[in-house]
Amino acid sequence: MIVSRRGLLQTAAGAVGIAATANTARADEPIRLGFLTVKTGPLAAGGIQMEQGMVLWLKLNGGKIAGREVKLIVADTAGSPATTRTKAQELVERDKVHLLLGPVAAFEALAISDYTNAQKIPVLGVAAAEDMCQRIASPWFVRATSSSGQCAHAIAHYAATELKYKRMTIIGDDFAFGHEQNGAFLRVFEDNGGKVVQKLWSPLNAPDYGTYISQIKSNVDAVFMSFAGSNGFRFTKAFNEYGLGGKIPLIGGMTAMDEAILQQTGDDALGIITANWYSAQVDNPANKEFVAGMQRDYKVDPGYYSGGPAVLGAVLEAALKTTGGNIDDRAALMHAIHANVVPNTVRGTLRFDEYGQATGNVFIRRVEKKGSRYINTVIKTYPDVSQFWTYNPKEFLANPVYSRDYPVARFLEA
Amino acid sequence: MQFWVIQSLNSLAMGGLLFMLSAGFSLIFGLLRIPNLAHGALFMLGAYLGATALANGLNFWLAALASGLAVGLLGVALEAILLRRLAGNEQAQVLVTLGVAFIIADLCLWGFGGDPMPLAAPRSLRPPVFLAGFAFPGWRLVVLGVALTTAASLWILLDRTRLGAMIRAGVDDRLMARSVGIRVSFLFSAVFFLGAFLAGFGGVIGGPILSAYPGLDAEMLPLALVVVILGGVGSLPGALVGSLIVGAIYNFGTALFPDLAYVVLFLPMVVVLAVKPTGLFGRVLR
């Protein structure tokens, strides 16, 4: 009876608002960091790497952010929006976390946004859905990595202006992340004189890519792929099986040739050019230390998923230094995050735009072999890339969000 | 012209892959009436075991047989320890096999990690074959050949041997088979072994096309269900014809009507269920 009454009281306190408990928090108690990731189910590969990145970043920083101890509370969302919602609520109301990091997937992030906004909980996200930092931007959500289109804009520009591709086929996973990357690619590629002559979509769980690869036009200059998870690896292997490797160049979006699948893809990956806000090869002291740590602790090179928390950690560190270690005044914390320029992250300098999206380096990388390992060598850096590319934000936001059919492809050939 | 030739070859190759996936499921479903929802997980486990064996330098065909054997023995254990107690209780069987599927999937994640593991086909069978000016992956033709060989072997086993006669007797009338002195419990173990062996073996044979990765189980299981429902429960020709039909529908469907990619696999199943609920080659089970 007593237990249930206490539970009831806790829930009530949570519902009334964390502000009450936050006021009583002392500066010498640890920062409670709620970490939403996926540790079970098909999305677990990325989620586990994300946790590795976070744990390592904390370890490299002595378990502290801006001099304060950190208590990391990890919750497994299982890649399910409903579970994510439950876990977020648990972290906020039971564990009284000061802020949330994650979750991995866009549909998970969208499932908790109304709740975290209502609770005024700062969320440092990694999920790439464009609109989370555009048309439905929230003052409580920031993304230090990139939107779906942010890196695709850059590689589209690179493909049109430096690789001089004129006619291309674009293919991607048939869900929002693929639609948004391919939409962004199409817009910038065609604005720079290229033509997308063929668009292909494969289901996220396509059992086989043979049927799609056989459809690729033999007279295109190159193929752009936006795949997530292990699909980039599977597509690339099939692309070579069908004898297209070496005949038609393959370029890709930010997760298509991630470090996590690079070693397994092996020789088939050589020469593939992709764009990402990160590469394990980025040459700065913070990244060198981080990569060495990942190789020592987990025997892998960090990539998209493990690199994200390292950037978030640096952002948080800078913000807490600005607020003098105060994490209880959440509005001040968010203000500091928005106002700061963070110079020393693993992806280099970054700052946030008014919608909460980071503006920073985007790297064009080419897969090369160094010794027995495959790496994403940085061949060009686009500095200070905005999520709006070079477009005017107001005009950009007046358009619909990138989708399967927007922008309209005007040069498709039958 | 080239489109039709290459998509036809794709269809046949995928049909072969689907047969390797669904033959075991069909056998177990047909004889034991157990809808073994762990079949996709056993297929994935086979792929993982094969990838591990290959990474340790084992010959591809030996790796495929060894994985099949290991998964087959696991199947026997599952049948003897869990499923035998639930004979006739289909609801419980569905739940238990689904639970086993989740357990196998998370054990694979724990043991093999979350990153995809490639399975390399034997070097000599890897390069593309050039046919009238276009390339077709050599391994896919091998998969088709293995599938046809497997189908023929199973047909001989089921149609021409004493064990096969007993199995057919069990499919047709379980009670009568028991009453004429067939040891149905042994038969059950043998069939479960064979079905699980085919799953593990198929996982390795299909590995160079699919590779092993978390989620492979959940992607493969519906395909096995579609093939078996289309072809008819417990029917070997049904599984083969069903596989080839589904392979063709998938390839031509997604190529000709790309917007229907998600439903194209399930439409034929719906049609067959509406017109002939027992499937193309199925009979009413007693």
# chains A, B, ... in the order shown; residues from 1 in each chain; ligands from 1
call {"tool": "interface_residues", "arguments": {"of": "chain A", "to": "chain B", "cutoff": "7 Å", "atoms": "only C-alpha atoms", "output": "count of residues only"}}
result
16
call {"tool": "residues_around", "arguments": {"residues": "B:Ala66", "least_positions_apart": "3", "cutoff": "10 Å", "atoms": "only C-alpha atoms", "output": "short mmCIF file (atom, residue, chain, number, x, y, z; two decimals) with N, CA and C atoms, in the first residue's frame"}}
result
data_model
loop_
_atom_site.label_atom_id
_atom_site.label_comp_id
_atom_site.auth_asym_id
_atom_site.auth_seq_id
_atom_site.Cartn_x
_atom_site.Cartn_y
_atom_site.Cartn_z
N GLY B 46 21.44 -20.16 -39.73
CA GLY B 46 22.26 -20.88 -40.69
C GLY B 46 23.21 -19.95 -41.43
N LEU B 49 25.97 -18.91 -39.01
CA LEU B 49 26.93 -19.99 -38.77
C LEU B 49 27.81 -20.18 -40.00
N GLY B 50 27.19 -20.12 -41.18
CA GLY B 50 27.95 -20.27 -42.42
C GLY B 50 28.98 -19.17 -42.56
N ALA B 53 31.81 -19.90 -40.26
CA ALA B 53 32.63 -21.00 -40.75
C ALA B 53 33.50 -20.54 -41.92
N LEU B 58 36.69 -22.43 -43.80
CA LEU B 58 36.08 -23.69 -44.21
C LEU B 58 35.61 -23.59 -45.66
N PHE B 60 33.20 -23.75 -48.78
CA PHE B 60 31.82 -23.25 -48.80
C PHE B 60 30.79 -24.37 -48.63
N TRP B 61 30.97 -25.45 -49.38
CA TRP B 61 29.95 -26.51 -49.36
C TRP B 61 29.96 -27.22 -48.01
N LEU B 62 31.16 -27.41 -47.44
CA LEU B 62 31.23 -28.00 -46.10
C LEU B 62 30.55 -27.09 -45.08
N ALA B 63 30.77 -25.79 -45.24
CA ALA B 63 30.15 -24.83 -44.32
C ALA B 63 28.64 -24.92 -44.41
N LEU B 69 23.44 -29.03 -40.60
CA LEU B 69 23.45 -30.06 -39.55
C LEU B 69 23.21 -29.44 -38.18
N ALA B 70 23.94 -28.35 -37.89
CA ALA B 70 23.80 -27.71 -36.57
C ALA B 70 22.37 -27.20 -36.37
N VAL B 71 21.84 -26.52 -37.39
CA VAL B 71 20.48 -25.98 -37.25
C VAL B 71 19.47 -27.13 -37.20
N GLY B 72 19.74 -28.21 -37.94
CA GLY B 72 18.86 -29.37 -37.90
C GLY B 72 18.79 -29.97 -36.50
N PHE B 197 17.21 -28.54 -41.10
CA PHE B 197 18.43 -28.67 -41.89
C PHE B 197 18.32 -27.82 -43.16
N GLY B 200 18.81 -24.14 -42.37
CA GLY B 200 20.20 -23.76 -42.14
C GLY B 200 21.05 -23.83 -43.40
N PHE B 201 20.84 -24.91 -44.17
CA PHE B 201 21.55 -25.10 -45.43
C PHE B 201 21.20 -23.97 -46.41
N VAL B 204 22.85 -20.61 -45.86
CA VAL B 204 24.23 -20.48 -46.36
C VAL B 204 24.22 -20.36 -47.89
#
call {"tool": "closest_residue", "arguments": {"among": "B:Leu32, B:Met1, B:Leu83, B:Met20", "to": "B:Phe188", "atoms": "only C-alpha atoms"}}
result
B:Leu32
call {"tool": "residues_around", "arguments": {"residues": "B:Leu42", "least_positions_apart": "2", "cutoff": "7 Å", "atoms": "only C-alpha atoms", "output": "list in words"}}
result
Ala38, His39, Gly40, Met44, Leu45, Gly46, Val71, Ala196, Ala199 and Gly200 of chain B
call {"tool": "write_last_selection", "arguments": {"atoms": "N, CA and C atoms", "output": "PDB file, in the first residue's frame"}}
result
ATOM      1  N   ALA B  38       9.518 -20.010 -36.267  1.00  0.00           N
ATOM      2  CA  ALA B  38      10.950 -19.810 -36.027  1.00  0.00           C
ATOM      3  C   ALA B  38      11.759 -20.136 -37.290  1.00  0.00           C
ATOM      4  N   HIS B  39      11.064 -20.495 -38.386  1.00  0.00           N
ATOM      5  CA  HIS B  39      11.798 -20.924 -39.571  1.00  0.00           C
ATOM      6  C   HIS B  39      12.716 -19.825 -40.118  1.00  0.00           C
ATOM      7  N   GLY B  40      12.208 -18.583 -40.144  1.00  0.00           N
ATOM      8  CA  GLY B  40      13.034 -17.465 -40.604  1.00  0.00           C
ATOM      9  C   GLY B  40      14.268 -17.299 -39.731  1.00  0.00           C
ATOM     10  N   MET B  44      18.204 -17.586 -40.708  1.00  0.00           N
ATOM     11  CA  MET B  44      19.205 -16.561 -40.383  1.00  0.00           C
ATOM     12  C   MET B  44      20.363 -17.165 -39.584  1.00  0.00           C
ATOM     13  N   LEU B  45      20.017 -18.031 -38.633  1.00  0.00           N
ATOM     14  CA  LEU B  45      21.072 -18.672 -37.834  1.00  0.00           C
ATOM     15  C   LEU B  45      22.013 -19.455 -38.745  1.00  0.00           C
ATOM     16  N   GLY B  46      21.435 -20.155 -39.735  1.00  0.00           N
ATOM     17  CA  GLY B  46      22.257 -20.885 -40.694  1.00  0.00           C
ATOM     18  C   GLY B  46      23.208 -19.953 -41.428  1.00  0.00           C
ATOM     19  N   VAL B  71      21.837 -26.521 -37.385  1.00  0.00           N
ATOM     20  CA  VAL B  71      20.484 -25.982 -37.255  1.00  0.00           C
ATOM     21  C   VAL B  71      19.472 -27.128 -37.196  1.00  0.00           C
ATOM     22  N   ALA B 196      14.528 -28.223 -40.499  1.00  0.00           N
ATOM     23  CA  ALA B 196      15.471 -27.260 -39.930  1.00  0.00           C
ATOM     24  C   ALA B 196      16.810 -27.318 -40.677  1.00  0.00           C
ATOM     25  N   ALA B 199      16.512 -25.242 -43.643  1.00  0.00           N
ATOM     26  CA  ALA B 199      16.582 -23.812 -43.307  1.00  0.00           C
ATOM     27  C   ALA B 199      18.038 -23.374 -43.151  1.00  0.00           C
ATOM     28  N   GLY B 200      18.809 -24.137 -42.375  1.00  0.00           N
ATOM     29  CA  GLY B 200      20.201 -23.757 -42.137  1.00  0.00           C
ATOM     30  C   GLY B 200      21.045 -23.826 -43.399  1.00  0.00           C
TER      31      GLY B 200
END
call {"tool": "closest_residue", "arguments": {"among": "A:Ala318, A:Val97, A:Ala414, A:Val367", "to": "A:Lys199", "atoms": "only C-alpha atoms"}}
result
A:Ala414
call {"tool": "residues_around", "arguments": {"residues": "B:Phe25", "least_positions_apart": "5", "cutoff": "8 Å", "atoms": "only C-alpha atoms", "output": "list in words"}}
result
Pro35, Asn36, His39, Gly195, Ala199, Ala224 and Val228 of chain B
call {"tool": "atom_distance", "arguments": {"atom1": "atom CA of A:Pro343", "atom2": "atom CA of A:Glu317"}}
result
11.4 Å
call {"tool": "select_by_dssp", "arguments": {"residues": "stretch 88-158 of chain A", "states": "helix (DSSP H, G or I)", "output": "PyMOL selection string"}}
result
chain A and resi 88-93+106-119+130-133+148-158
call {"tool": "write_last_selection", "arguments": {"atoms": "C-alpha atoms", "output": "PDB file, in the first residue's frame"}}
result
ATOM      1  CA  ALA A  88      11.167   8.647 -22.588  1.00  0.00           C
ATOM      2  CA  GLN A  89       8.423   9.055 -20.004  1.00  0.00           C
ATOM      3  CA  GLU A  90      10.249   6.719 -17.608  1.00  0.00           C
ATOM      4  CA  LEU A  91      13.495   8.624 -18.019  1.00  0.00           C
ATOM      5  CA  VAL A  92      11.838  11.970 -17.457  1.00  0.00           C
ATOM      6  CA  GLU A  93       9.413  11.117 -14.680  1.00  0.00           C
ATOM      7  CA  ALA A 106      13.068   9.469 -37.067  1.00  0.00           C
ATOM      8  CA  PHE A 107       9.765   7.729 -36.331  1.00  0.00           C
ATOM      9  CA  GLU A 108      10.915   7.252 -32.741  1.00  0.00           C
ATOM     10  CA  ALA A 109      11.878  10.919 -32.429  1.00  0.00           C
ATOM     11  CA  LEU A 110       8.518  12.008 -33.845  1.00  0.00           C
ATOM     12  CA  ALA A 111       6.729   9.754 -31.354  1.00  0.00           C
ATOM     13  CA  ILE A 112       8.133  11.623 -28.356  1.00  0.00           C
ATOM     14  CA  SER A 113       8.329  15.194 -29.652  1.00  0.00           C
ATOM     15  CA  ASP A 114       4.912  16.325 -28.384  1.00  0.00           C
ATOM     16  CA  TYR A 115       5.665  14.872 -24.976  1.00  0.00           C
ATOM     17  CA  THR A 116       9.174  16.321 -24.623  1.00  0.00           C
ATOM     18  CA  ASN A 117       7.992  19.701 -25.903  1.00  0.00           C
ATOM     19  CA  ALA A 118       5.134  19.763 -23.396  1.00  0.00           C
ATOM     20  CA  GLN A 119       7.538  18.784 -20.605  1.00  0.00           C
ATOM     21  CA  GLU A 130      14.020  17.229 -42.272  1.00  0.00           C
ATOM     22  CA  ASP A 131      10.956  18.759 -40.680  1.00  0.00           C
ATOM     23  CA  MET A 132      12.076  18.246 -37.088  1.00  0.00           C
ATOM     24  CA  CYS A 133      14.372  21.217 -37.587  1.00  0.00           C
ATOM     25  CA  SER A 148      18.563  14.034 -44.474  1.00  0.00           C
ATOM     26  CA  GLY A 149      19.093  16.563 -47.218  1.00  0.00           C
ATOM     27  CA  GLN A 150      22.035  18.460 -45.780  1.00  0.00           C
ATOM     28  CA  CYS A 151      24.701  16.015 -46.947  1.00  0.00           C
ATOM     29  CA  ALA A 152      22.789  15.040 -50.103  1.00  0.00           C
ATOM     30  CA  HIS A 153      22.828  18.709 -51.228  1.00  0.00           C
ATOM     31  CA  ALA A 154      26.612  18.717 -50.926  1.00  0.00           C
ATOM     32  CA  ILE A 155      27.247  15.531 -52.869  1.00  0.00           C
ATOM     33  CA  ALA A 156      24.793  16.612 -55.558  1.00  0.00           C
ATOM     34  CA  HIS A 157      26.819  19.788 -55.990  1.00  0.00           C
ATOM     35  CA  TYR A 158      30.023  17.760 -56.069  1.00  0.00           C
TER      36      TYR A 158
END
call {"tool": "residues_around", "arguments": {"residues": "stretch 370-384 of chain A", "least_positions_apart": "4", "cutoff": "7 Å", "atoms": "only C-alpha atoms", "output": "list in words"}}
result
Leu262, Gln263, Gly266, Ser279, Gln281, Val282, Thr359, Gly360, Asn361, Val362, Phe363, Ile364, Arg365 and Arg366 of chain A
call {"tool": "closest_residue", "arguments": {"among": "A:Gly245, A:Gly178, A:Gly325, A:Gly193", "to": "A:Tyr402", "atoms": "only C-alpha atoms"}}
result
A:Gly178
call {"tool": "select_by_dssp", "arguments": {"residues": "stretch 2-137 of chain B", "states": "strand (DSSP E)", "output": "PyMOL selection string"}}
result
chain B and resi 128-131+134-137
call {"tool": "residues_around", "arguments": {"residues": "A:Trp57", "least_positions_apart": "4", "cutoff": "7 Å", "atoms": "only C-alpha atoms", "output": "ChimeraX atom specification"}}
result
/A:53,61,310
call {"tool": "atom_distance", "arguments": {"atom1": "atom CA of B:Leu157", "atom2": "atom CA of B:Gly234"}}
result
14.3 Å
call {"tool": "atom_distance", "arguments": {"atom1": "atom CA of B:Ala177", "atom2": "atom CA of B:Val233"}}
result
19.0 Å
call {"tool": "residues_around", "arguments": {"residues": "A:Ser403", "least_positions_apart": "3", "cutoff": "8 Å", "atoms": "only C-alpha atoms", "output": "short mmCIF file (atom, residue, chain, number, x, y, z; two decimals) with N, CA and C atoms, in the first residue's frame"}}
result
data_model
loop_
_atom_site.label_atom_id
_atom_site.label_comp_id
_atom_site.auth_asym_id
_atom_site.auth_seq_id
_atom_site.Cartn_x
_atom_site.Cartn_y
_atom_site.Cartn_z
N ALA A 176 10.84 7.65 -45.68
CA ALA A 176 11.11 9.09 -45.62
C ALA A 176 12.59 9.44 -45.75
N HIS A 179 13.52 9.13 -49.36
CA HIS A 179 12.83 10.15 -50.15
C HIS A 179 13.49 11.51 -49.97
N GLU A 180 13.80 11.85 -48.70
CA GLU A 180 14.33 13.19 -48.42
C GLU A 180 15.73 13.35 -49.00
N GLY A 183 15.34 13.55 -52.82
CA GLY A 183 14.73 14.82 -53.20
C GLY A 183 15.77 15.94 -53.15
N TYR A 406 8.59 15.08 -54.67
CA TYR A 406 8.98 16.48 -54.67
C TYR A 406 10.46 16.59 -54.34
N PRO A 407 11.24 17.33 -55.11
CA PRO A 407 10.87 18.08 -56.30
C PRO A 407 10.51 17.14 -57.45
#
call {"tool": "closest_residue", "arguments": {"among": "B:Leu131, B:Val271, B:Leu98, B:Ser67", "to": "B:Leu37", "atoms": "only C-alpha atoms"}}
result
B:Leu98
call {"tool": "closest_atom_pairs", "arguments": {"of": "stretch 104-216 of chain A", "to": "stretch 30-33 of chain A", "cutoff": "12 Å", "atoms": "only C-alpha atoms", "output": "JSON lines"}}
result
{"residue": "A:Ile121", "atom": "CA", "partner": "A:Leu33", "partner_atom": "CA", "distance": 11.3}
{"residue": "A:Pro122", "atom": "CA", "partner": "A:Leu33", "partner_atom": "CA", "distance": 10.6}
{"residue": "A:Val123", "atom": "CA", "partner": "A:Leu33", "partner_atom": "CA", "distance": 10.3}
{"residue": "A:Leu124", "atom": "CA", "partner": "A:Leu33", "partner_atom": "CA", "distance": 10.5}
